[in-house]
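Enquirer: I'd like to ask some things about the structure below.
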Amino acid sequence: MPLSPDQAILLPKHTRREFRERMQKGELKACIIPVAATEQHLEHLAMEHDWRSVMHIATLAALKLNPQAIIAPAMNIGISEHHMRHIGTLTAMPGSWLGVLFDTIRSMHHAGFKNIIVLNGHGGNIAPCRGIWGQFEQRLESNLHFATYWELLPKEVSDRYLQAKRCPGHAQEFETAFALAAFPENVRHDAMRDQEDKEP
């Protein structure tokens, strides 16, 4: 039975034969590697918010590019040391996290991808990636990019819709609106209140 469109964009849904044949045919051109976090998002948003958000964007992009793009397994633990006082938050040390990220990129490059984008959904991952990205590019001869999804949204567009004019703001207007639109089951309505600037 052939893969459905929703399965065809996800690397783990493939058998080794299915993936190998798509690569050999030259069908797959680009790989998306989502990176995010599992951390507190105040009292009203689920701790998987960053992962759900970046996967939502990655899925929409891959479906639009189907059959040329595939999504690698997401790294849903990020660099979240600044949230560790809230139990349940998971974090990685920058060095070990960047090591796993590079190994994931290298694996996809080895599979034959020349176009690879690391799509980020967590603010704490940005500075470590920007600091080392030049070294990643030097070690792999590929069209390699790092992008944080909300930075792809023009400021004039976000300003048009956000009363606070802050994008993304941790668990504030932007992220709450995103969750309400894309995965409303992750929003605890009884806990929603004006929490602006009460939490980092």
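By convention here, the chains of the structure tokens are called A, B, ... in the order presented, each chain's residues are numbered starting at 1, and ligands are numbered starting at 1 in the order presented.
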From a DSSP calculation on the backbone, collect every residue of segment 41-185 of chain A in strand (DSSP E or B) and output the set as JSON, numbers by chain.
Expert: {"A": [41, 45, 69, 70, 71, 75, 90, 115, 116, 117, 118, 119, 120, 143, 144, 145, 146, 147, 148]}
Enquirer: Considering only C-alpha atoms, return as number ranges by chain whatever protein or nucleic-acid residues lie within 10 Å of Asn66 of chain A, sequence-local ones (same chain, fewer than 6 positions apart) excluded.
Expert: A: 5-6, 8-9, 27-29, 60
Enquirer: Would you export the selected residues with N, CA and C atoms as a PDB file, in the first residue's frame, please?
Expert:
ATOM      1  N   PRO A   5      -0.191  11.040   1.517  1.00  0.00           N
ATOM      2  CA  PRO A   5       0.541  12.314   1.523  1.00  0.00           C
ATOM      3  C   PRO A   5       1.030  12.705   2.916  1.00  0.00           C
ATOM      4  N   ASP A   6       0.217  12.437   3.950  1.00  0.00           N
ATOM      5  CA  ASP A   6       0.627  12.771   5.314  1.00  0.00           C
ATOM      6  C   ASP A   6       1.795  11.905   5.776  1.00  0.00           C
ATOM      7  N   ALA A   8       4.027  10.460   3.562  1.00  0.00           N
ATOM      8  CA  ALA A   8       5.132  10.646   2.626  1.00  0.00           C
ATOM      9  C   ALA A   8       6.043  11.805   3.005  1.00  0.00           C
ATOM     10  N   ILE A   9       5.575  12.723   3.844  1.00  0.00           N
ATOM     11  CA  ILE A   9       6.413  13.851   4.244  1.00  0.00           C
ATOM     12  C   ILE A   9       7.209  13.558   5.509  1.00  0.00           C
ATOM     13  N   GLU A  27      13.446  12.045  -6.427  1.00  0.00           N
ATOM     14  CA  GLU A  27      12.182  12.691  -6.076  1.00  0.00           C
ATOM     15  C   GLU A  27      12.340  13.645  -4.898  1.00  0.00           C
ATOM     16  N   LEU A  28      13.096  13.212  -3.887  1.00  0.00           N
ATOM     17  CA  LEU A  28      13.272  14.033  -2.683  1.00  0.00           C
ATOM     18  C   LEU A  28      14.411  15.025  -2.880  1.00  0.00           C
ATOM     19  N   LYS A  29      14.119  16.299  -2.677  1.00  0.00           N
ATOM     20  CA  LYS A  29      15.099  17.360  -2.914  1.00  0.00           C
ATOM     21  C   LYS A  29      15.523  18.082  -1.645  1.00  0.00           C
ATOM     22  N   LEU A  60       3.057  21.987   7.078  1.00  0.00           N
ATOM     23  CA  LEU A  60       2.452  22.795   6.025  1.00  0.00           C
ATOM     24  C   LEU A  60       3.425  23.024   4.877  1.00  0.00           C
TER      25      LEU A  60
END
Enquirer: For Gln135 of chain A, which residue out of A:Ile57, A:Asn120, A:Leu98, A:Ile32 is the nearest one, using only C-alpha atoms?
Expert: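 Among the listed residues, A:Leu98 lies closest to Gln135 of chain A.
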Enquirer: Please compute the atom CA of Asn143 of chain A-atom CA of Ile105 of chain A distance, one decimal, in Å.
Expert: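 Computing it gives 11.3 Å between the two atoms.
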Enquirer: Considering only C-alpha atoms, state which residue in the set A:Glu48, A:Asp103, A:Glu175, A:Glu156 is at the smallest distance from Ile33 of chain A.
Expert: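 The answer is A:Asp103, which sits nearest to Ile33 of chain A.
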Enquirer: What is the distance between atom CA of Phe178 of chain A and atom CA of Ala37 of chain A, in Å to one decimal?
Expert: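 Pair atom CA of Phe178 of chain A / atom CA of Ala37 of chain A returns 16.2 Å.
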Enquirer: For Glu185 of chain A, work out the shell of residues within 12 Å, counting only C-alpha atoms and skipping chain neighbours fewer than 6 positions away, then give it as a PyMOL selection string.
Expert: chain A and resi 44-46+48-49+52+176+178-179
Enquirer: In Å, with one decimal, what is the gap from atom CA of Leu10 of chain A to atom CA of Ile70 of chain A?
Expert: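 A separation of 5.6 Å between them.
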Enquirer: Run DSSP on the backbone and give me the residues of chain A it puts in alpha helix (DSSP H), as an MDAnalysis selection string.
Expert: chainID A and resid 5:8 16:24 49:65 94:111 126:139 155:161 173:182
Enquirer: Using only C-alpha atoms for the distances, tell me which of A:Phe136, A:Phe146, A:Phe19, A:Trp97 is nearest to Pro34 of chain A.
Expert: A:Phe146
Enquirer: If we count only C-alpha atoms, what is near His170 of chain A at a cut-off of 9 Å, once residues fewer than 2 positions away on the same chain are taken out, given as a compact mmCIF listing (two decimals) with N, CA, C and O atoms, in the first residue's frame?
Expert:
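Wrote it out as selection-v5.txt, contents follow:
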# COMPACT_ATOMS: atom_id res chain seq x y z
N HIS A 41 5.09 26.66 29.67
CA HIS A 41 4.49 27.77 28.93
C HIS A 41 3.37 28.38 29.77
O HIS A 41 2.20 28.37 29.39
N LEU A 42 3.79 28.89 30.92
CA LEU A 42 2.87 29.48 31.90
C LEU A 42 1.82 28.45 32.31
O LEU A 42 2.02 27.24 32.17
N GLY A 123 13.19 29.85 21.34
CA GLY A 123 14.12 30.96 21.42
C GLY A 123 15.48 30.60 21.99
O GLY A 123 16.51 31.14 21.57
N CYS A 167 6.43 39.62 19.16
CA CYS A 167 6.41 38.33 18.48
C CYS A 167 7.78 37.66 18.64
O CYS A 167 8.78 38.23 18.22
N PRO A 168 7.87 36.48 19.32
CA PRO A 168 6.72 35.71 19.74
C PRO A 168 6.25 36.03 21.16
O PRO A 168 5.06 35.90 21.43
N GLN A 172 2.74 34.26 25.44
CA GLN A 172 1.91 35.46 25.47
C GLN A 172 0.95 35.45 24.28
O GLN A 172 0.51 34.38 23.84
N GLU A 173 0.63 36.61 23.77
CA GLU A 173 -0.43 36.76 22.77
C GLU A 173 -0.19 35.91 21.52
O GLU A 173 -1.07 35.19 21.07
N PHE A 174 1.02 35.98 20.96
CA PHE A 174 1.31 35.26 19.72
C PHE A 174 1.20 33.75 19.90
O PHE A 174 0.52 33.06 19.13
N GLU A 175 1.90 33.21 20.89
CA GLU A 175 1.89 31.77 21.07
C GLU A 175 0.52 31.25 21.49
O GLU A 175 0.11 30.15 21.08
N GLU A 199 6.19 36.25 33.71
CA GLU A 199 7.13 35.15 33.60
C GLU A 199 8.12 35.45 32.49
O GLU A 199 7.77 36.10 31.51
N PRO A 200 9.37 34.96 32.58
CA PRO A 200 10.33 35.17 31.50
C PRO A 200 10.00 34.28 30.32
O PRO A 200 9.34 33.27 30.46
Enquirer: As JSON, numbers by chain, please: the residues near His122 of chain A (cut-off 9 Å, only C-alpha atoms, same-chain neighbours under 2 positions excluded).
Expert: {"A": [35, 36, 37, 50, 51, 54, 78, 79, 80, 120, 124, 125, 126, 148]}
Enquirer: How about saving the chosen residues, all heavy atoms kept, as an mmCIF file, in the first residue's frame?
Expert:
data_model
loop_
_atom_site.group_PDB
_atom_site.id
_atom_site.type_symbol
_atom_site.label_atom_id
_atom_site.label_comp_id
_atom_site.auth_asym_id
_atom_site.auth_seq_id
_atom_site.Cartn_x
_atom_site.Cartn_y
_atom_site.Cartn_z
ATOM 1 N N VAL A 35 13.520 21.643 15.211
ATOM 2 C CA VAL A 35 14.100 21.651 16.560
ATOM 3 C C VAL A 35 13.223 22.534 17.438
ATOM 4 O O VAL A 35 12.714 23.572 17.001
ATOM 5 C CB VAL A 35 15.567 22.130 16.573
ATOM 6 C CG1 VAL A 35 16.450 21.177 15.788
ATOM 7 C CG2 VAL A 35 15.712 23.544 16.026
ATOM 8 N N ALA A 36 13.041 22.119 18.692
ATOM 9 C CA ALA A 36 12.121 22.859 19.548
ATOM 10 C C ALA A 36 12.519 22.692 21.006
ATOM 11 O O ALA A 36 13.701 22.745 21.345
ATOM 12 C CB ALA A 36 10.687 22.391 19.297
ATOM 13 N N ALA A 37 11.532 22.489 21.885
ATOM 14 C CA ALA A 37 11.775 22.344 23.315
ATOM 15 C C ALA A 37 10.560 21.715 23.963
ATOM 16 O O ALA A 37 9.466 21.700 23.393
ATOM 17 C CB ALA A 37 12.062 23.697 23.962
ATOM 18 N N ASP A 50 6.223 24.432 21.841
ATOM 19 C CA ASP A 50 7.228 24.772 20.825
ATOM 20 C C ASP A 50 7.338 23.673 19.769
ATOM 21 O O ASP A 50 7.468 23.952 18.576
ATOM 22 C CB ASP A 50 8.590 25.003 21.479
ATOM 23 C CG ASP A 50 8.635 26.283 22.293
ATOM 24 O OD1 ASP A 50 7.713 27.112 22.176
ATOM 25 O OD2 ASP A 50 9.596 26.455 23.062
ATOM 26 N N TRP A 51 7.301 22.419 20.226
ATOM 27 C CA TRP A 51 7.363 21.300 19.291
ATOM 28 C C TRP A 51 6.136 21.251 18.390
ATOM 29 O O TRP A 51 6.250 21.085 17.169
ATOM 30 C CB TRP A 51 7.510 19.979 20.062
ATOM 31 C CG TRP A 51 7.343 18.782 19.199
ATOM 32 C CD1 TRP A 51 8.226 18.281 18.295
ATOM 33 C CD2 TRP A 51 6.183 17.951 19.123
ATOM 34 N NE1 TRP A 51 7.700 17.169 17.669
ATOM 35 C CE2 TRP A 51 6.443 16.949 18.154
ATOM 36 C CE3 TRP A 51 4.946 17.944 19.796
ATOM 37 C CZ2 TRP A 51 5.527 15.959 17.842
ATOM 38 C CZ3 TRP A 51 4.033 16.944 19.476
ATOM 39 C CH2 TRP A 51 4.321 15.981 18.515
ATOM 40 N N VAL A 54 6.378 24.193 15.746
ATOM 41 C CA VAL A 54 7.335 24.036 14.649
ATOM 42 C C VAL A 54 6.947 22.868 13.751
ATOM 43 O O VAL A 54 7.147 22.919 12.528
ATOM 44 C CB VAL A 54 8.780 23.902 15.186
ATOM 45 C CG1 VAL A 54 9.062 22.515 15.750
ATOM 46 C CG2 VAL A 54 9.794 24.279 14.109
ATOM 47 N N GLY A 78 15.153 21.036 23.956
ATOM 48 C CA GLY A 78 16.017 22.122 23.530
ATOM 49 C C GLY A 78 16.880 22.636 24.662
ATOM 50 O O GLY A 78 17.092 21.962 25.675
ATOM 51 N N ILE A 79 17.378 23.843 24.477
ATOM 52 C CA ILE A 79 18.232 24.486 25.466
ATOM 53 C C ILE A 79 17.331 25.392 26.309
ATOM 54 O O ILE A 79 16.963 26.486 25.895
ATOM 55 C CB ILE A 79 19.366 25.254 24.770
ATOM 56 C CG1 ILE A 79 20.196 24.267 23.929
ATOM 57 C CG2 ILE A 79 20.249 25.967 25.798
ATOM 58 C CD1 ILE A 79 21.199 24.924 23.000
ATOM 59 N N SER A 80 16.954 24.909 27.484
ATOM 60 C CA SER A 80 15.925 25.563 28.298
ATOM 61 C C SER A 80 16.353 25.718 29.751
ATOM 62 O O SER A 80 15.522 25.683 30.660
ATOM 63 C CB SER A 80 14.619 24.760 28.232
ATOM 64 O OG SER A 80 14.153 24.626 26.916
ATOM 65 N N ASN A 120 13.504 26.052 13.464
ATOM 66 C CA ASN A 120 13.518 26.192 14.925
ATOM 67 C C ASN A 120 12.206 26.762 15.459
ATOM 68 O O ASN A 120 11.619 27.667 14.864
ATOM 69 C CB ASN A 120 14.681 27.108 15.320
ATOM 70 C CG ASN A 120 14.737 27.360 16.805
ATOM 71 O OD1 ASN A 120 14.658 26.436 17.615
ATOM 72 N ND2 ASN A 120 14.851 28.622 17.183
ATOM 73 N N GLY A 124 15.521 29.675 22.951
ATOM 74 C CA GLY A 124 16.779 29.305 23.578
ATOM 75 C C GLY A 124 17.751 28.587 22.658
ATOM 76 O O GLY A 124 18.944 28.478 22.972
ATOM 77 N N ASN A 125 17.279 28.109 21.514
ATOM 78 C CA ASN A 125 18.150 27.414 20.557
ATOM 79 C C ASN A 125 18.845 28.368 19.592
ATOM 80 O O ASN A 125 19.776 27.960 18.886
ATOM 81 C CB ASN A 125 17.335 26.407 19.726
ATOM 82 C CG ASN A 125 16.693 25.320 20.556
ATOM 83 O OD1 ASN A 125 17.120 25.039 21.672
ATOM 84 N ND2 ASN A 125 15.638 24.720 20.026
ATOM 85 N N ILE A 126 18.402 29.619 19.538
ATOM 86 C CA ILE A 126 18.864 30.519 18.484
ATOM 87 C C ILE A 126 20.336 30.886 18.621
ATOM 88 O O ILE A 126 21.128 30.691 17.685
ATOM 89 C CB ILE A 126 17.988 31.791 18.438
ATOM 90 C CG1 ILE A 126 16.546 31.425 18.076
ATOM 91 C CG2 ILE A 126 18.554 32.790 17.427
ATOM 92 C CD1 ILE A 126 15.565 32.592 18.161
ATOM 93 N N THR A 148 14.280 30.383 12.286
ATOM 94 C CA THR A 148 13.285 30.332 13.352
ATOM 95 C C THR A 148 11.957 30.766 12.747
ATOM 96 O O THR A 148 11.875 31.823 12.122
ATOM 97 C CB THR A 148 13.701 31.251 14.509
ATOM 98 O OG1 THR A 148 14.947 30.780 15.042
ATOM 99 C CG2 THR A 148 12.654 31.268 15.601
#
Enquirer: Taking into account only C-alpha atoms, which residue in the set A:Trp150, A:Gly169, A:Gln24, A:Leu180 is nearest to Gly112 of chain A?
Expert: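 Once distances to Gly112 of chain A are computed over only C-alpha atoms, the minimum belongs to A:Gln24.
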Enquirer: Give me the residues within 12 Å of Gln7 of chain A as a ChimeraX atom specification, counting only C-alpha atoms and dropping any in the same chain fewer than 3 places off.
Expert: /A:1-4,10-15,18-19,59,62-63,66-67,69-72
Enquirer: Would you mind exporting the chosen residues as a tab-separated table (two decimals), in the first residue's frame, restricted to N, CA and C atoms?
Expert:
chain	number	residue	atom	x	y	z
A	1	MET	N	0.85	-1.18	0.00
A	1	MET	CA	0.00	0.00	0.00
A	1	MET	C	0.89	1.24	0.00
A	2	PRO	N	0.68	2.17	-0.93
A	2	PRO	CA	1.54	3.35	-1.01
A	2	PRO	C	1.34	4.27	0.19
A	3	LEU	N	2.36	5.06	0.46
A	3	LEU	CA	2.28	6.03	1.55
A	3	LEU	C	1.26	7.10	1.21
A	4	SER	N	0.48	7.51	2.22
A	4	SER	CA	-0.44	8.63	2.03
A	4	SER	C	0.37	9.92	2.00
A	10	LEU	N	7.01	12.38	6.11
A	10	LEU	CA	7.67	12.04	7.38
A	10	LEU	C	8.66	10.90	7.18
A	11	LEU	N	9.93	11.16	7.42
A	11	LEU	CA	10.95	10.14	7.26
A	11	LEU	C	10.66	8.86	8.05
A	12	PRO	N	10.26	8.93	9.34
A	12	PRO	CA	10.07	7.69	10.10
A	12	PRO	C	8.95	6.80	9.60
A	13	LYS	N	8.05	7.32	8.77
A	13	LYS	CA	6.95	6.50	8.23
A	13	LYS	C	7.40	5.62	7.06
A	14	HIS	N	8.59	5.85	6.54
A	14	HIS	CA	9.09	5.09	5.41
A	14	HIS	C	9.77	3.79	5.86
A	15	THR	N	9.67	2.77	5.03
A	15	THR	CA	10.58	1.63	5.16
A	15	THR	C	11.89	2.03	4.50
A	18	GLU	N	11.33	2.09	0.69
A	18	GLU	CA	10.56	3.24	0.21
A	18	GLU	C	11.42	4.50	0.15
A	19	PHE	N	12.18	4.72	1.22
A	19	PHE	CA	13.04	5.91	1.24
A	19	PHE	C	14.14	5.81	0.19
A	59	THR	N	5.09	20.82	8.68
A	59	THR	CA	4.13	19.98	7.95
A	59	THR	C	3.48	20.75	6.81
A	62	ALA	N	6.11	21.14	4.06
A	62	ALA	CA	6.40	19.89	3.35
A	62	ALA	C	5.24	19.45	2.46
A	63	LEU	N	4.01	19.64	2.94
A	63	LEU	CA	2.85	19.29	2.11
A	63	LEU	C	2.78	20.17	0.87
A	66	ASN	N	5.37	18.81	-1.43
A	66	ASN	CA	5.24	17.39	-1.71
A	66	ASN	C	5.22	17.12	-3.22
A	67	PRO	N	5.98	16.16	-3.72
A	67	PRO	CA	6.72	15.10	-3.03
A	67	PRO	C	8.22	15.39	-2.86
A	69	ALA	N	9.88	17.26	-0.51
A	69	ALA	CA	10.43	17.56	0.82
A	69	ALA	C	10.02	16.50	1.83
A	70	ILE	N	10.89	16.27	2.79
A	70	ILE	CA	10.61	15.30	3.85
A	70	ILE	C	11.04	15.90	5.18
A	71	ILE	N	10.36	15.49	6.26
A	71	ILE	CA	10.65	15.99	7.60
A	71	ILE	C	11.35	14.90	8.40
A	72	ALA	N	12.53	15.22	8.91
A	72	ALA	CA	13.26	14.31	9.79
A	72	ALA	C	12.61	14.33	11.18
Enquirer: Between A:Ala111, A:Thr38, A:Gly121, A:Ala127, which one has atoms that come closest to Glu21 of chain A, using only C-alpha atoms?
Expert: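 Ranked by minimum distance to Glu21 of chain A, first place goes to A:Ala111.
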